[in-house]
Amino acid sequence: MTSAHGKFVWYELATRDMRAAKAFYAQILGWAAREVPQVGRPYCLLSLGDAPVAGLLPLPEEAGASPHWLGYIGVDDLVAAVATTRRLGGAVHVPPTEIPGTSRFSIVADPQGATLGLIERLAPSQEPPSGRNDPGRVGWRELLAADLETAFAFYSALLGWRKSERQEGFMGVYQNFAVGAQTIGGMFLKPPTLPHPFWLYYFNVIDIEAAAHRVEAAGGVIHYGPIEAPGGACVAHCGDSQGATFALLERRPVKPIGYFTPRPSAN
């Protein structure tokens with residue numbers, strides 16, 4: 001089995017109202033929801049056809065957290081990865097926990113406070129293969145960091161990430177990162193207006209303007225965009241109907257000028 005170490009392998013949405021979340025993402029991305037047995041609290045798989053895309057679970061009222069997306073990164077040895085997280089100055093919010101027969105996971109935070117999941121598979125994944133550019137799937141991951149070099153040093157030591165392309169523009173340095181030969185995401189300094197560092201996940205869409213209209217029609221908000229981004233893409237930063245932040249990505253075979261270039265008006 002090919003190692004998943006250092007790769008994003010799963011995504012979950014923790015939210016206050018699961019029924020509302022199902023309806024919202026069905027309208028935006030065409031996902032179907034299916035409840036799965038789980039001890040302790042409800043859990044749903046969000047899927048495109050028979051292919052699972054993400055998980056959906058309730059956010060306890062006493063948690064004190066806002067609805068949010070969480071990405072899980074594969075590791076070969078979870079106990080060692082958690083120990084390394086602590087040694088490098090990160091925090092452990094959920095210690096290693098086993099899902100019988102499938103995997104064990106932990107929820108951690110990097111030294112700047114950005115939260116992520118670590119997961120070690122105990123058996124080969126049953127998820128069907130799918131291209132990362134397929135509509136409805138995560139096509140990009142982005143860390144909005146408080147300190148770029150410190151953040152990259154942490155993830156490089158923990159997960160073996162390496163630097164790939166780098167751009168500079170009016171928003172500063174944008175550093176892409178890779179696992180092996182594949183570039184899978186980027187990092188840049190968060191704007192001062194954002195209270196803390198976090199991970200942002202981009203879902204592929206065919207027509208970003210139509211998808212942005214669906215977000216607003218379903219009770220969500222568009223925080224930023226749509227705008228042109230490096231590499232021939234158009235992106236928008238959004239909030240769902242309960243406030244969870246996510247992004248949309250439409251890939252385009254064009255080369256924009258500059259770092260983030262505002263998309264020209266259709267008029």
# chains A, B, ... in the order shown; residues from 1 in each chain; ligands from 1
$ residues_around --residues "A:Asp76" --least-positions-apart "5" --cutoff "12 Å" --atoms "only C-alpha atoms" --output "PDB file with N, CA, C and O atoms, in the first residue's frame"
ATOM      1  N   MET A   1       0.847  -1.194   0.000  1.00  0.00           N
ATOM      2  CA  MET A   1       0.000   0.000   0.000  1.00  0.00           C
ATOM      3  C   MET A   1       0.883   1.244   0.000  1.00  0.00           C
ATOM      4  O   MET A   1       1.861   1.342   0.743  1.00  0.00           O
ATOM      5  N   THR A   2       0.570   2.203  -0.841  1.00  0.00           N
ATOM      6  CA  THR A   2       1.327   3.447  -0.917  1.00  0.00           C
ATOM      7  C   THR A   2       1.137   4.254   0.359  1.00  0.00           C
ATOM      8  O   THR A   2       0.026   4.386   0.866  1.00  0.00           O
ATOM      9  N   SER A   3       2.222   4.804   0.890  1.00  0.00           N
ATOM     10  CA  SER A   3       2.135   5.591   2.116  1.00  0.00           C
ATOM     11  C   SER A   3       1.375   6.885   1.866  1.00  0.00           C
ATOM     12  O   SER A   3       1.562   7.556   0.857  1.00  0.00           O
ATOM     13  N   ALA A   4       0.500   7.226   2.831  1.00  0.00           N
ATOM     14  CA  ALA A   4      -0.232   8.499   2.766  1.00  0.00           C
ATOM     15  C   ALA A   4       0.430   9.555   3.629  1.00  0.00           C
ATOM     16  O   ALA A   4      -0.139  10.632   3.821  1.00  0.00           O
ATOM     17  N   HIS A   5       1.627   9.271   4.130  1.00  0.00           N
ATOM     18  CA  HIS A   5       2.275  10.202   5.059  1.00  0.00           C
ATOM     19  C   HIS A   5       2.465  11.578   4.415  1.00  0.00           C
ATOM     20  O   HIS A   5       3.019  11.695   3.320  1.00  0.00           O
ATOM     21  N   GLY A   6       1.969  12.600   5.082  1.00  0.00           N
ATOM     22  CA  GLY A   6       2.115  13.966   4.605  1.00  0.00           C
ATOM     23  C   GLY A   6       1.037  14.430   3.656  1.00  0.00           C
ATOM     24  O   GLY A   6       1.037  15.593   3.253  1.00  0.00           O
ATOM     25  N   LYS A   7       0.097  13.556   3.293  1.00  0.00           N
ATOM     26  CA  LYS A   7      -0.964  13.912   2.346  1.00  0.00           C
ATOM     27  C   LYS A   7      -2.286  14.148   3.080  1.00  0.00           C
ATOM     28  O   LYS A   7      -2.596  13.465   4.055  1.00  0.00           O
ATOM     29  N   ALA A  81       4.034  10.874  15.528  1.00  0.00           N
ATOM     30  CA  ALA A  81       3.684  12.193  14.990  1.00  0.00           C
ATOM     31  C   ALA A  81       3.163  13.119  16.081  1.00  0.00           C
ATOM     32  O   ALA A  81       3.480  14.320  16.102  1.00  0.00           O
ATOM     33  N   VAL A  82       2.376  12.596  17.002  1.00  0.00           N
ATOM     34  CA  VAL A  82       1.871  13.409  18.108  1.00  0.00           C
ATOM     35  C   VAL A  82       3.020  13.834  19.019  1.00  0.00           C
ATOM     36  O   VAL A  82       3.084  14.988  19.472  1.00  0.00           O
ATOM     37  N   SER A 103      -8.858   3.015  11.639  1.00  0.00           N
ATOM     38  CA  SER A 103      -7.816   4.033  11.766  1.00  0.00           C
ATOM     39  C   SER A 103      -7.706   4.495  13.208  1.00  0.00           C
ATOM     40  O   SER A 103      -8.531   4.171  14.062  1.00  0.00           O
ATOM     41  N   ARG A 104      -6.671   5.274  13.464  1.00  0.00           N
ATOM     42  CA  ARG A 104      -6.574   6.024  14.711  1.00  0.00           C
ATOM     43  C   ARG A 104      -6.223   7.465  14.346  1.00  0.00           C
ATOM     44  O   ARG A 104      -5.530   7.703  13.349  1.00  0.00           O
ATOM     45  N   PHE A 105      -6.732   8.412  15.136  1.00  0.00           N
ATOM     46  CA  PHE A 105      -6.556   9.819  14.781  1.00  0.00           C
ATOM     47  C   PHE A 105      -6.254  10.651  16.016  1.00  0.00           C
ATOM     48  O   PHE A 105      -6.454  10.223  17.162  1.00  0.00           O
ATOM     49  N   LEU A 118      -4.523  14.470  12.410  1.00  0.00           N
ATOM     50  CA  LEU A 118      -3.543  13.491  11.963  1.00  0.00           C
ATOM     51  C   LEU A 118      -4.223  12.127  12.005  1.00  0.00           C
ATOM     52  O   LEU A 118      -4.947  11.824  12.966  1.00  0.00           O
ATOM     53  N   ILE A 119      -3.996  11.302  11.000  1.00  0.00           N
ATOM     54  CA  ILE A 119      -4.693  10.019  10.946  1.00  0.00           C
ATOM     55  C   ILE A 119      -3.753   8.937  10.419  1.00  0.00           C
ATOM     56  O   ILE A 119      -3.000   9.145   9.475  1.00  0.00           O
ATOM     57  N   GLU A 120      -3.802   7.802  11.082  1.00  0.00           N
ATOM     58  CA  GLU A 120      -3.036   6.625  10.669  1.00  0.00           C
ATOM     59  C   GLU A 120      -4.024   5.529  10.303  1.00  0.00           C
ATOM     60  O   GLU A 120      -4.844   5.112  11.121  1.00  0.00           O
ATOM     61  N   ARG A 121      -3.981   5.087   9.065  1.00  0.00           N
ATOM     62  CA  ARG A 121      -4.871   4.026   8.613  1.00  0.00           C
ATOM     63  C   ARG A 121      -4.406   2.683   9.175  1.00  0.00           C
ATOM     64  O   ARG A 121      -3.220   2.353   9.101  1.00  0.00           O
ATOM     65  N   LEU A 122      -5.350   1.913   9.691  1.00  0.00           N
ATOM     66  CA  LEU A 122      -5.049   0.558  10.144  1.00  0.00           C
ATOM     67  C   LEU A 122      -5.349  -0.468   9.071  1.00  0.00           C
ATOM     68  O   LEU A 122      -4.967  -1.626   9.180  1.00  0.00           O
ATOM     69  N   ALA A 123      -6.087  -0.034   8.044  1.00  0.00           N
ATOM     70  CA  ALA A 123      -6.429  -0.900   6.916  1.00  0.00           C
ATOM     71  C   ALA A 123      -6.429  -0.047   5.670  1.00  0.00           C
ATOM     72  O   ALA A 123      -6.571   1.178   5.748  1.00  0.00           O
ATOM     73  N   LEU A 158       7.516  17.784  10.696  1.00  0.00           N
ATOM     74  CA  LEU A 158       6.493  16.816  11.091  1.00  0.00           C
ATOM     75  C   LEU A 158       6.086  15.889   9.950  1.00  0.00           C
ATOM     76  O   LEU A 158       5.910  14.676  10.150  1.00  0.00           O
ATOM     77  N   LEU A 159       5.937  16.452   8.740  1.00  0.00           N
ATOM     78  CA  LEU A 159       5.292  15.720   7.651  1.00  0.00           C
ATOM     79  C   LEU A 159       6.163  15.538   6.416  1.00  0.00           C
ATOM     80  O   LEU A 159       5.739  14.908   5.452  1.00  0.00           O
ATOM     81  N   GLY A 160       7.359  16.131   6.432  1.00  0.00           N
ATOM     82  CA  GLY A 160       8.248  15.972   5.282  1.00  0.00           C
ATOM     83  C   GLY A 160       7.903  16.846   4.105  1.00  0.00           C
ATOM     84  O   GLY A 160       8.364  16.596   2.984  1.00  0.00           O
TER      85      GLY A 160
END
$ residues_around --residues "stretch 177-188 of chain A" --least-positions-apart "6" --cutoff "8 Å" --atoms "only C-alpha atoms" --output "list in words"
Gly6, Lys7, Trp140, Arg141, Glu142, Leu143, Leu144, Ala145, Leu148, Gly160, Trp161, Arg162, Lys163, Ser164 and Glu165 of chain A
$ atom_distance --atom1 "atom CA of A:Val53" --atom2 "atom CA of A:Pro96"
23.1 Å
$ select_by_dssp --residues "stretch 87-228 of chain A" --states "alpha helix (DSSP H)" --output "PDB file with C-alpha atoms, in the first residue's frame"
ATOM      1  CA  ARG A  87       8.340  18.533  20.734  1.00  0.00           C
ATOM      2  CA  LEU A 148       5.523  31.903   7.299  1.00  0.00           C
ATOM      3  CA  GLU A 149       9.022  30.484   7.840  1.00  0.00           C
ATOM      4  CA  THR A 150       8.224  29.209  11.335  1.00  0.00           C
ATOM      5  CA  ALA A 151       5.063  27.543  10.073  1.00  0.00           C
ATOM      6  CA  PHE A 152       6.833  25.853   7.176  1.00  0.00           C
ATOM      7  CA  ALA A 153       9.635  24.613   9.441  1.00  0.00           C
ATOM      8  CA  PHE A 154       7.046  22.901  11.668  1.00  0.00           C
ATOM      9  CA  TYR A 155       5.237  21.114   8.846  1.00  0.00           C
ATOM     10  CA  SER A 156       8.461  20.166   7.107  1.00  0.00           C
ATOM     11  CA  ALA A 157       9.794  18.523  10.268  1.00  0.00           C
ATOM     12  CA  LEU A 158       6.493  16.816  11.091  1.00  0.00           C
ATOM     13  CA  LEU A 159       5.292  15.720   7.651  1.00  0.00           C
ATOM     14  CA  ILE A 208     -17.363  29.866  -9.820  1.00  0.00           C
ATOM     15  CA  GLU A 209     -19.735  32.766 -10.419  1.00  0.00           C
ATOM     16  CA  ALA A 210     -22.738  30.435 -10.493  1.00  0.00           C
ATOM     17  CA  ALA A 211     -21.456  28.686  -7.365  1.00  0.00           C
ATOM     18  CA  ALA A 212     -20.959  32.030  -5.593  1.00  0.00           C
ATOM     19  CA  HIS A 213     -24.557  32.962  -6.385  1.00  0.00           C
ATOM     20  CA  ARG A 214     -25.690  29.624  -4.921  1.00  0.00           C
ATOM     21  CA  VAL A 215     -23.737  30.345  -1.724  1.00  0.00           C
ATOM     22  CA  GLU A 216     -25.567  33.629  -1.215  1.00  0.00           C
ATOM     23  CA  ALA A 217     -28.947  32.170  -2.202  1.00  0.00           C
TER      24      ALA A 217
END
$ closest_atom_pairs --of "stretch 56-98 of chain A" --to "stretch 224-242 of chain A" --cutoff "12 Å" --atoms "only C-alpha atoms" --output "Markdown table"
| residue | atom | partner | partner_atom | distance |
| --- | --- | --- | --- | --- |
| A:Leu59 | CA | A:Gln242 | CA | 11.4 |
| A:Ser66 | CA | A:Gln242 | CA | 8.6 |
| A:Pro67 | CA | A:Gln242 | CA | 6.6 |
| A:His68 | CA | A:Gln242 | CA | 9.1 |
| A:Trp69 | CA | A:Asp240 | CA | 10.5 |
$ write_last_selection --atoms "C-alpha atoms" --output "short mmCIF file (atom, residue, chain, number, x, y, z; two decimals), in the first residue's frame"
data_model
loop_
_atom_site.label_atom_id
_atom_site.label_comp_id
_atom_site.auth_asym_id
_atom_site.auth_seq_id
_atom_site.Cartn_x
_atom_site.Cartn_y
_atom_site.Cartn_z
CA LEU A 59 -20.46 20.55 17.24
CA SER A 66 -17.61 27.95 15.95
CA PRO A 67 -18.57 25.72 13.00
CA HIS A 68 -15.45 24.86 11.05
CA TRP A 69 -13.80 22.62 8.49
#
$ closest_residue --among "A:Leu13, A:Arg137, A:Ile99, A:Phe8" --to "A:Gly243" --atoms "only C-alpha atoms"
A:Leu13
$ select_by_dssp --residues "stretch 58-159 of chain A" --states "strand (DSSP E or B)" --output "number ranges by chain"
A: 58, 68-74, 91-99, 103-109, 115-121, 138-145
$ atom_distance --atom1 "atom CA of A:Pro135" --atom2 "atom CA of A:Arg251"
10.3 Å
$ closest_residue --among "A:Leu48, A:Val79, A:Glu250, A:Leu56" --to "A:Ala21" --atoms "only C-alpha atoms"
A:Leu56
$ closest_residue --among "A:Thr97, A:Pro42, A:Ile28, A:Met18" --to "A:Phe246" --atoms "only C-alpha atoms"
A:Ile28
